file upload39.cif (mmCIF, C-alpha atoms)
data_model
#
loop_
_atom_site.label_atom_id
_atom_site.label_comp_id
_atom_site.auth_asym_id
_atom_site.auth_seq_id
_atom_site.Cartn_x
_atom_site.Cartn_y
_atom_site.Cartn_z
CA MET A 1 -35.78 51.92 -3.87
CA GLY A 2 -35.44 48.23 -2.96
CA ASN A 3 -38.27 48.49 -0.41
CA GLN A 4 -40.51 50.12 -2.99
CA LEU A 5 -39.92 47.29 -5.43
CA GLU A 6 -40.67 44.68 -2.75
CA ASN A 7 -43.89 46.52 -1.85
CA VAL A 8 -45.01 46.65 -5.50
CA VAL A 9 -44.31 42.92 -5.94
CA LYS A 10 -46.14 42.14 -2.68
CA GLN A 11 -49.14 44.21 -3.79
CA GLN A 12 -49.25 42.44 -7.16
CA GLN A 13 -49.13 39.03 -5.50
CA GLU A 14 -51.87 39.99 -3.06
CA GLN A 15 -54.00 41.18 -5.97
CA GLN A 16 -53.44 37.81 -7.65
CA GLY A 17 -54.61 36.05 -4.50
CA PHE A 18 -51.47 34.90 -2.72
CA THR A 19 -48.79 36.28 -0.44
CA ASN A 20 -45.05 35.70 -0.61
CA GLN A 21 -45.29 33.04 2.09
CA GLU A 22 -48.05 31.15 0.26
CA LYS A 23 -46.08 31.31 -2.98
CA GLN A 24 -43.03 29.78 -1.30
CA GLU A 25 -45.13 27.01 0.27
CA LYS A 26 -46.70 26.09 -3.06
CA ASN A 27 -43.69 25.00 -5.14
CA ILE A 28 -45.52 22.84 -7.65
CA VAL A 29 -44.01 20.22 -9.96
CA GLN A 30 -46.01 19.63 -13.14
CA LEU A 31 -45.99 16.06 -14.45
CA VAL A 32 -47.87 13.79 -16.82
CA GLY A 33 -48.98 10.52 -15.26
CA PHE A 34 -49.37 7.19 -17.02
CA ILE A 35 -49.76 3.50 -16.33
CA VAL A 36 -47.28 0.78 -17.31
CA GLY A 37 -48.35 -2.68 -16.19
CA GLU A 38 -49.92 -2.20 -12.77
CA GLU A 39 -47.83 0.82 -11.73
CA GLU A 40 -48.31 4.56 -12.14
CA PHE A 41 -45.38 6.63 -13.35
CA ALA A 42 -44.88 10.26 -14.29
CA VAL A 43 -42.44 12.44 -16.20
CA PRO A 44 -42.01 16.22 -16.16
CA ILE A 45 -44.56 17.80 -18.45
CA LEU A 46 -41.93 19.95 -20.18
CA SER A 47 -39.98 16.86 -21.30
CA ILE A 48 -42.92 15.63 -23.39
CA GLN A 49 -42.86 16.61 -27.05
CA GLU A 50 -46.22 14.99 -27.80
CA ILE A 51 -48.47 12.01 -27.15
CA ILE A 52 -49.80 10.04 -30.11
CA LYS A 53 -51.84 6.93 -30.85
CA PRO A 54 -49.67 4.00 -31.94
CA ILE A 55 -48.43 4.11 -35.51
CA GLU A 56 -46.49 1.65 -37.63
CA TRP A 57 -42.90 0.98 -36.64
CA THR A 58 -40.03 -1.05 -38.09
CA ARG A 59 -38.17 -3.64 -36.02
CA VAL A 60 -34.42 -3.13 -35.73
CA PRO A 61 -32.39 -6.35 -35.37
CA PHE A 62 -29.74 -6.92 -32.69
CA THR A 63 -31.22 -4.49 -30.16
CA SER A 64 -32.40 -5.00 -26.60
CA ASP A 65 -35.78 -6.71 -26.33
CA TYR A 66 -37.43 -3.54 -25.00
CA VAL A 67 -36.45 -1.64 -28.17
CA LEU A 68 -39.39 -2.32 -30.48
CA GLY A 69 -37.70 -0.56 -33.38
CA VAL A 70 -38.01 2.84 -35.01
CA PHE A 71 -40.91 4.91 -36.30
CA ASN A 72 -41.24 7.91 -38.58
CA LEU A 73 -42.76 11.02 -37.01
CA ARG A 74 -43.04 13.84 -39.54
CA GLY A 75 -39.74 12.98 -41.22
CA ASN A 76 -37.84 12.18 -38.01
CA VAL A 77 -36.89 8.56 -37.36
CA LEU A 78 -37.23 7.91 -33.62
CA PRO A 79 -36.43 4.88 -31.50
CA LEU A 80 -39.46 3.21 -29.92
CA LEU A 81 -39.05 1.62 -26.48
CA ASP A 82 -41.61 -0.54 -24.74
CA LEU A 83 -41.69 0.50 -21.08
CA ARG A 84 -43.49 -2.73 -20.14
CA LYS A 85 -40.45 -4.71 -21.27
CA LYS A 86 -37.99 -2.17 -19.89
CA PHE A 87 -39.62 -2.40 -16.45
CA HIS A 88 -40.07 -6.20 -16.66
CA ALA A 89 -43.87 -6.00 -16.47
CA PRO A 90 -45.96 -8.83 -17.95
CA GLU A 91 -46.54 -8.54 -21.69
CA ALA A 92 -49.92 -7.38 -22.96
CA GLU A 93 -51.54 -6.72 -26.30
CA PHE A 94 -51.96 -3.16 -27.52
CA ASP A 95 -55.47 -1.88 -26.83
CA ASP A 96 -57.26 1.42 -27.49
CA ASP A 97 -55.62 3.07 -24.45
CA VAL A 98 -52.00 2.44 -25.52
CA ARG A 99 -50.08 5.57 -26.51
CA PHE A 100 -46.64 6.55 -27.72
CA VAL A 101 -45.18 9.32 -25.55
CA VAL A 102 -42.52 11.25 -27.46
CA ILE A 103 -40.01 12.59 -24.97
CA LYS A 104 -37.16 15.00 -25.55
CA ILE A 105 -33.99 13.85 -23.82
CA GLY A 106 -31.27 16.45 -24.35
CA ASP A 107 -31.14 16.90 -28.12
CA GLU A 108 -32.71 13.50 -28.80
CA LEU A 109 -36.32 12.46 -29.25
CA ALA A 110 -37.57 8.97 -28.44
CA GLY A 111 -40.94 7.27 -28.30
CA PHE A 112 -42.04 5.24 -25.29
CA VAL A 113 -44.99 2.84 -25.30
CA ILE A 114 -47.27 3.25 -22.29
CA ASP A 115 -50.44 1.36 -21.40
CA ARG A 116 -52.59 4.43 -20.76
CA LEU A 117 -52.47 8.04 -19.68
CA THR A 118 -53.82 9.00 -16.29
CA GLU A 119 -53.73 12.78 -15.97
CA ALA A 120 -51.67 15.94 -15.82
CA LEU A 121 -50.42 16.12 -12.25
CA ARG A 122 -49.53 19.05 -10.03
CA ILE A 123 -47.62 17.82 -7.00
CA GLU A 124 -46.10 19.99 -4.32
CA GLU A 125 -42.34 19.52 -4.01
CA SER A 126 -42.83 18.70 -0.33
CA SER A 127 -44.92 15.66 -1.41
CA ILE A 128 -42.07 14.19 -3.45
CA LEU A 129 -39.68 11.90 -1.62
CA PRO A 130 -36.21 10.98 -2.90
CA ALA A 131 -35.87 7.68 -4.74
CA PRO A 132 -35.24 4.81 -2.35
CA ASP A 133 -31.66 3.62 -2.07
CA THR A 134 -31.75 0.06 -3.34
CA GLY A 135 -27.99 -0.35 -3.60
CA MET A 136 -28.33 -0.62 -7.36
CA ASP A 137 -26.69 1.47 -10.07
CA LYS A 138 -26.35 5.16 -9.25
CA ASP A 139 -28.15 5.98 -12.51
CA MET A 140 -31.49 4.72 -11.24
CA MET A 141 -34.51 5.39 -13.39
CA ILE A 142 -36.58 6.75 -10.50
CA GLU A 143 -36.10 10.45 -9.73
CA GLY A 144 -38.48 10.45 -6.79
CA ILE A 145 -41.71 9.13 -5.35
CA GLY A 146 -44.67 11.48 -5.50
CA ARG A 147 -47.70 11.32 -3.22
CA LYS A 148 -51.00 12.57 -4.58
CA ASP A 149 -54.14 11.92 -2.56
CA ASP A 150 -53.94 8.18 -1.81
CA ARG A 151 -51.69 7.37 -4.80
CA ILE A 152 -47.96 6.76 -4.95
CA ILE A 153 -46.38 7.73 -8.27
CA SER A 154 -42.85 6.89 -9.40
CA ILE A 155 -41.34 9.91 -11.11
CA LEU A 156 -38.97 8.77 -13.85
CA ARG A 157 -35.53 10.22 -14.49
CA ILE A 158 -35.81 10.79 -18.22
CA LYS A 159 -32.04 11.00 -18.74
CA THR A 160 -31.69 7.30 -17.93
CA LEU A 161 -34.65 5.97 -19.92
CA LEU A 162 -32.58 5.52 -23.10
CA LYS A 163 -29.56 3.94 -21.43
CA THR A 164 -29.07 0.27 -22.18
CA GLU A 165 -28.84 -2.29 -19.44
CA SER A 166 -25.47 -3.84 -18.69
#

call {"tool": "encode", "arguments": {"input": "upload39.cif", "output": "structure tokens"}}
result
Amino acid sequence: MGNQLENVVKQQQEQQGFTNQEKQEKNIVQLVGFIVGEEEFAVPILSIQEIIKPIEWTRVPFTSDYVLGVFNLRGNVLPLLDLRKKFHAPEAEFDDDVRFVVIKIGDELAGFVIDRLTEALRIEESSILPAPDTGMDKDMMIEGIGRKDDRIISILRIKTLLKTES
């Protein structure tokens, strides 16, 4: 019975255009790429709630400089973090390409300001290298380094994006 099931699965995969071996070789990670400063970053596509044009926000006093404040998204008040400031990139004015990326982190939602979107990315797992060991905090923000064509993309660890700096 087990062999029959394997044969049926194999036939279905062949009909869909790939064999078991090809399926195993093509473990794809789906990401959304964006630019902050001069660097390209990405986050897992499933962590993104939505991407919106900038809307009005309210400054919150006594917060880190990269926390712009809070904004109201359909009745939910979300923190808004400027990734330029978080990553110590030079400041720049908002232009038509700037977006707020609303990311779900556990049970929380937060908005992150990015300079511009690049594209939805599909990168093979074998093209993602582990984050470099810089001797810094074990909760680094970089999950890995993806290679796509001639580009190098830093894949962010979304769990650490909201953590404050010591």

call {"tool": "resolve_selection", "arguments": {"input": "upload39.cif", "expression": "the PyMOL selection byres ((chain A and resi 42-55) around 9)", "output": "count of residues only"}}
result
36

call {"tool": "closest_residue", "arguments": {"input": "upload39.cif", "among": "A:Leu81, A:Ile123, A:Ala110, A:Glu93", "to": "Asp149 of chain A", "atoms": "all atoms listed in the file"}}
result
A:Ile123

call {"tool": "atom_distance", "arguments": {"input": "upload39.cif", "atom1": "atom CA of Arg147 of chain A", "atom2": "atom CA of Pro130 of chain A"}}
result
11.5 Å

call {"tool": "atom_distance", "arguments": {"input": "upload39.cif", "atom1": "atom CA of Met140 of chain A", "atom2": "atom CA of Val60 of chain A"}}
result
25.9 Å

call {"tool": "closest_residue", "arguments": {"input": "upload39.cif", "among": "A:Leu83, A:Ile145, A:Ile114, A:Leu162", "to": "Ser126 of chain A", "atoms": "all atoms listed in the file"}}
result
A:Ile145

call {"tool": "resolve_selection", "arguments": {"input": "upload39.cif", "expression": "the PyMOL selection byres ((chain A and resi 65) around 9)", "output": "short mmCIF file (atom, residue, chain, number, x, y, z; two decimals) with C-alpha atoms, in the coordinates of the input"}}
result
data_model
loop_
_atom_site.label_atom_id
_atom_site.label_comp_id
_atom_site.auth_asym_id
_atom_site.auth_seq_id
_atom_site.Cartn_x
_atom_site.Cartn_y
_atom_site.Cartn_z
CA PHE A 62 -29.74 -6.92 -32.69
CA THR A 63 -31.22 -4.49 -30.16
CA SER A 64 -32.40 -5.00 -26.60
CA TYR A 66 -37.43 -3.54 -25.00
CA VAL A 67 -36.45 -1.64 -28.17
CA LEU A 68 -39.39 -2.32 -30.48
CA LEU A 81 -39.05 1.62 -26.48
CA ASP A 82 -41.61 -0.54 -24.74
CA LYS A 85 -40.45 -4.71 -21.27
CA LYS A 86 -37.99 -2.17 -19.89
#

call {"tool": "atom_distance", "arguments": {"input": "upload39.cif", "atom1": "atom CA of Asn27 of chain A", "atom2": "atom CA of Leu129 of chain A"}}
result
14.1 Å

call {"tool": "axis_aligned_box", "arguments": {"input": "upload39.cif", "around": "segment 48-67 of chain A", "padding_each_side": "5 Å", "output": "JSON"}}
result
{"center_x": -40.8, "center_y": 4.8, "center_z": -30.7, "size_x": 32.1, "size_y": 33.5, "size_z": 24.7}

call {"tool": "closest_residue", "arguments": {"input": "upload39.cif", "among": "A:Pro132, A:Gly144, A:Gly75, A:Gly69", "to": "Phe112 of chain A", "atoms": "only C-alpha atoms"}}
result
A:Gly69

call {"tool": "build_atoms", "arguments": {"input": "upload39.cif", "residues": "segment 25-57 of chain A", "atoms": "N, CA and C atoms", "output": "PDB file, in the frame of the given file"}}
result
ATOM      1  N   GLU A  25     -44.620  28.298  -0.196  1.00  0.00           N
ATOM      2  CA  GLU A  25     -45.130  27.010   0.270  1.00  0.00           C
ATOM      3  C   GLU A  25     -45.697  26.169  -0.876  1.00  0.00           C
ATOM      4  N   LYS A  26     -46.021  26.787  -1.968  1.00  0.00           N
ATOM      5  CA  LYS A  26     -46.700  26.090  -3.060  1.00  0.00           C
ATOM      6  C   LYS A  26     -45.775  25.881  -4.252  1.00  0.00           C
ATOM      7  N   ASN A  27     -44.555  25.362  -4.032  1.00  0.00           N
ATOM      8  CA  ASN A  27     -43.690  25.000  -5.140  1.00  0.00           C
ATOM      9  C   ASN A  27     -44.263  23.753  -5.779  1.00  0.00           C
ATOM     10  N   ILE A  28     -44.789  23.904  -6.986  1.00  0.00           N
ATOM     11  CA  ILE A  28     -45.520  22.840  -7.650  1.00  0.00           C
ATOM     12  C   ILE A  28     -44.665  22.259  -8.778  1.00  0.00           C
ATOM     13  N   VAL A  29     -44.660  20.929  -8.872  1.00  0.00           N
ATOM     14  CA  VAL A  29     -44.010  20.220  -9.960  1.00  0.00           C
ATOM     15  C   VAL A  29     -45.118  19.725 -10.882  1.00  0.00           C
ATOM     16  N   GLN A  30     -45.001  20.046 -12.179  1.00  0.00           N
ATOM     17  CA  GLN A  30     -46.010  19.630 -13.140  1.00  0.00           C
ATOM     18  C   GLN A  30     -45.524  18.395 -13.889  1.00  0.00           C
ATOM     19  N   LEU A  31     -46.347  17.356 -13.877  1.00  0.00           N
ATOM     20  CA  LEU A  31     -45.990  16.060 -14.450  1.00  0.00           C
ATOM     21  C   LEU A  31     -47.140  15.533 -15.294  1.00  0.00           C
ATOM     22  N   VAL A  32     -46.827  14.540 -16.113  1.00  0.00           N
ATOM     23  CA  VAL A  32     -47.870  13.790 -16.820  1.00  0.00           C
ATOM     24  C   VAL A  32     -47.797  12.363 -16.308  1.00  0.00           C
ATOM     25  N   GLY A  33     -48.923  11.865 -15.824  1.00  0.00           N
ATOM     26  CA  GLY A  33     -48.980  10.520 -15.260  1.00  0.00           C
ATOM     27  C   GLY A  33     -49.458   9.507 -16.277  1.00  0.00           C
ATOM     28  N   PHE A  34     -48.961   8.277 -16.132  1.00  0.00           N
ATOM     29  CA  PHE A  34     -49.370   7.190 -17.020  1.00  0.00           C
ATOM     30  C   PHE A  34     -49.156   5.852 -16.325  1.00  0.00           C
ATOM     31  N   ILE A  35     -49.811   4.848 -16.874  1.00  0.00           N
ATOM     32  CA  ILE A  35     -49.760   3.500 -16.330  1.00  0.00           C
ATOM     33  C   ILE A  35     -48.900   2.620 -17.246  1.00  0.00           C
ATOM     34  N   VAL A  36     -48.034   1.831 -16.622  1.00  0.00           N
ATOM     35  CA  VAL A  36     -47.280   0.780 -17.310  1.00  0.00           C
ATOM     36  C   VAL A  36     -47.436  -0.461 -16.445  1.00  0.00           C
ATOM     37  N   GLY A  37     -48.054  -1.495 -16.995  1.00  0.00           N
ATOM     38  CA  GLY A  37     -48.350  -2.680 -16.190  1.00  0.00           C
ATOM     39  C   GLY A  37     -49.366  -2.307 -15.132  1.00  0.00           C
ATOM     40  N   GLU A  38     -49.024  -2.519 -13.882  1.00  0.00           N
ATOM     41  CA  GLU A  38     -49.920  -2.200 -12.770  1.00  0.00           C
ATOM     42  C   GLU A  38     -49.485  -0.950 -12.013  1.00  0.00           C
ATOM     43  N   GLU A  39     -48.420  -0.301 -12.471  1.00  0.00           N
ATOM     44  CA  GLU A  39     -47.830   0.820 -11.730  1.00  0.00           C
ATOM     45  C   GLU A  39     -48.095   2.150 -12.423  1.00  0.00           C
ATOM     46  N   GLU A  40     -48.164   3.209 -11.597  1.00  0.00           N
ATOM     47  CA  GLU A  40     -48.310   4.560 -12.140  1.00  0.00           C
ATOM     48  C   GLU A  40     -46.969   5.270 -12.092  1.00  0.00           C
ATOM     49  N   PHE A  41     -46.617   5.885 -13.211  1.00  0.00           N
ATOM     50  CA  PHE A  41     -45.380   6.630 -13.350  1.00  0.00           C
ATOM     51  C   PHE A  41     -45.711   8.034 -13.816  1.00  0.00           C
ATOM     52  N   ALA A  42     -44.702   8.902 -13.785  1.00  0.00           N
ATOM     53  CA  ALA A  42     -44.880  10.260 -14.290  1.00  0.00           C
ATOM     54  C   ALA A  42     -43.543  10.779 -14.791  1.00  0.00           C
ATOM     55  N   VAL A  43     -43.626  11.727 -15.710  1.00  0.00           N
ATOM     56  CA  VAL A  43     -42.440  12.440 -16.200  1.00  0.00           C
ATOM     57  C   VAL A  43     -42.773  13.928 -16.203  1.00  0.00           C
ATOM     58  N   PRO A  44     -41.751  14.779 -16.116  1.00  0.00           N
ATOM     59  CA  PRO A  44     -42.010  16.220 -16.160  1.00  0.00           C
ATOM     60  C   PRO A  44     -42.730  16.612 -17.449  1.00  0.00           C
ATOM     61  N   ILE A  45     -43.729  17.435 -17.313  1.00  0.00           N
ATOM     62  CA  ILE A  45     -44.560  17.800 -18.450  1.00  0.00           C
ATOM     63  C   ILE A  45     -43.749  18.485 -19.554  1.00  0.00           C
ATOM     64  N   LEU A  46     -42.720  19.232 -19.176  1.00  0.00           N
ATOM     65  CA  LEU A  46     -41.930  19.950 -20.180  1.00  0.00           C
ATOM     66  C   LEU A  46     -41.008  19.044 -20.984  1.00  0.00           C
ATOM     67  N   SER A  47     -40.819  17.793 -20.543  1.00  0.00           N
ATOM     68  CA  SER A  47     -39.980  16.860 -21.300  1.00  0.00           C
ATOM     69  C   SER A  47     -40.770  16.177 -22.418  1.00  0.00           C
ATOM     70  N   ILE A  48     -42.084  16.307 -22.401  1.00  0.00           N
ATOM     71  CA  ILE A  48     -42.920  15.630 -23.390  1.00  0.00           C
ATOM     72  C   ILE A  48     -43.079  16.502 -24.630  1.00  0.00           C
ATOM     73  N   GLN A  49     -42.690  15.929 -25.765  1.00  0.00           N
ATOM     74  CA  GLN A  49     -42.860  16.610 -27.050  1.00  0.00           C
ATOM     75  C   GLN A  49     -44.313  16.481 -27.507  1.00  0.00           C
ATOM     76  N   GLU A  50     -44.823  15.237 -27.458  1.00  0.00           N
ATOM     77  CA  GLU A  50     -46.220  14.990 -27.800  1.00  0.00           C
ATOM     78  C   GLU A  50     -46.615  13.581 -27.408  1.00  0.00           C
ATOM     79  N   ILE A  51     -47.915  13.322 -27.455  1.00  0.00           N
ATOM     80  CA  ILE A  51     -48.470  12.010 -27.150  1.00  0.00           C
ATOM     81  C   ILE A  51     -49.347  11.635 -28.328  1.00  0.00           C
ATOM     82  N   ILE A  52     -49.076  10.439 -28.904  1.00  0.00           N
ATOM     83  CA  ILE A  52     -49.800  10.040 -30.110  1.00  0.00           C
ATOM     84  C   ILE A  52     -50.357   8.624 -29.941  1.00  0.00           C
ATOM     85  N   LYS A  53     -51.360   8.306 -30.766  1.00  0.00           N
ATOM     86  CA  LYS A  53     -51.840   6.930 -30.850  1.00  0.00           C
ATOM     87  C   LYS A  53     -50.763   6.123 -31.570  1.00  0.00           C
ATOM     88  N   PRO A  54     -50.704   4.824 -31.296  1.00  0.00           N
ATOM     89  CA  PRO A  54     -49.670   4.000 -31.940  1.00  0.00           C
ATOM     90  C   PRO A  54     -49.736   4.068 -33.461  1.00  0.00           C
ATOM     91  N   ILE A  55     -48.563   4.133 -34.058  1.00  0.00           N
ATOM     92  CA  ILE A  55     -48.430   4.110 -35.510  1.00  0.00           C
ATOM     93  C   ILE A  55     -47.468   2.987 -35.876  1.00  0.00           C
ATOM     94  N   GLU A  56     -47.343   2.738 -37.153  1.00  0.00           N
ATOM     95  CA  GLU A  56     -46.490   1.650 -37.630  1.00  0.00           C
ATOM     96  C   GLU A  56     -45.034   1.926 -37.299  1.00  0.00           C
ATOM     97  N   TRP A  57     -44.324   0.871 -36.905  1.00  0.00           N
ATOM     98  CA  TRP A  57     -42.900   0.980 -36.640  1.00  0.00           C
ATOM     99  C   TRP A  57     -42.182  -0.166 -37.328  1.00  0.00           C
TER     100      TRP A  57
END
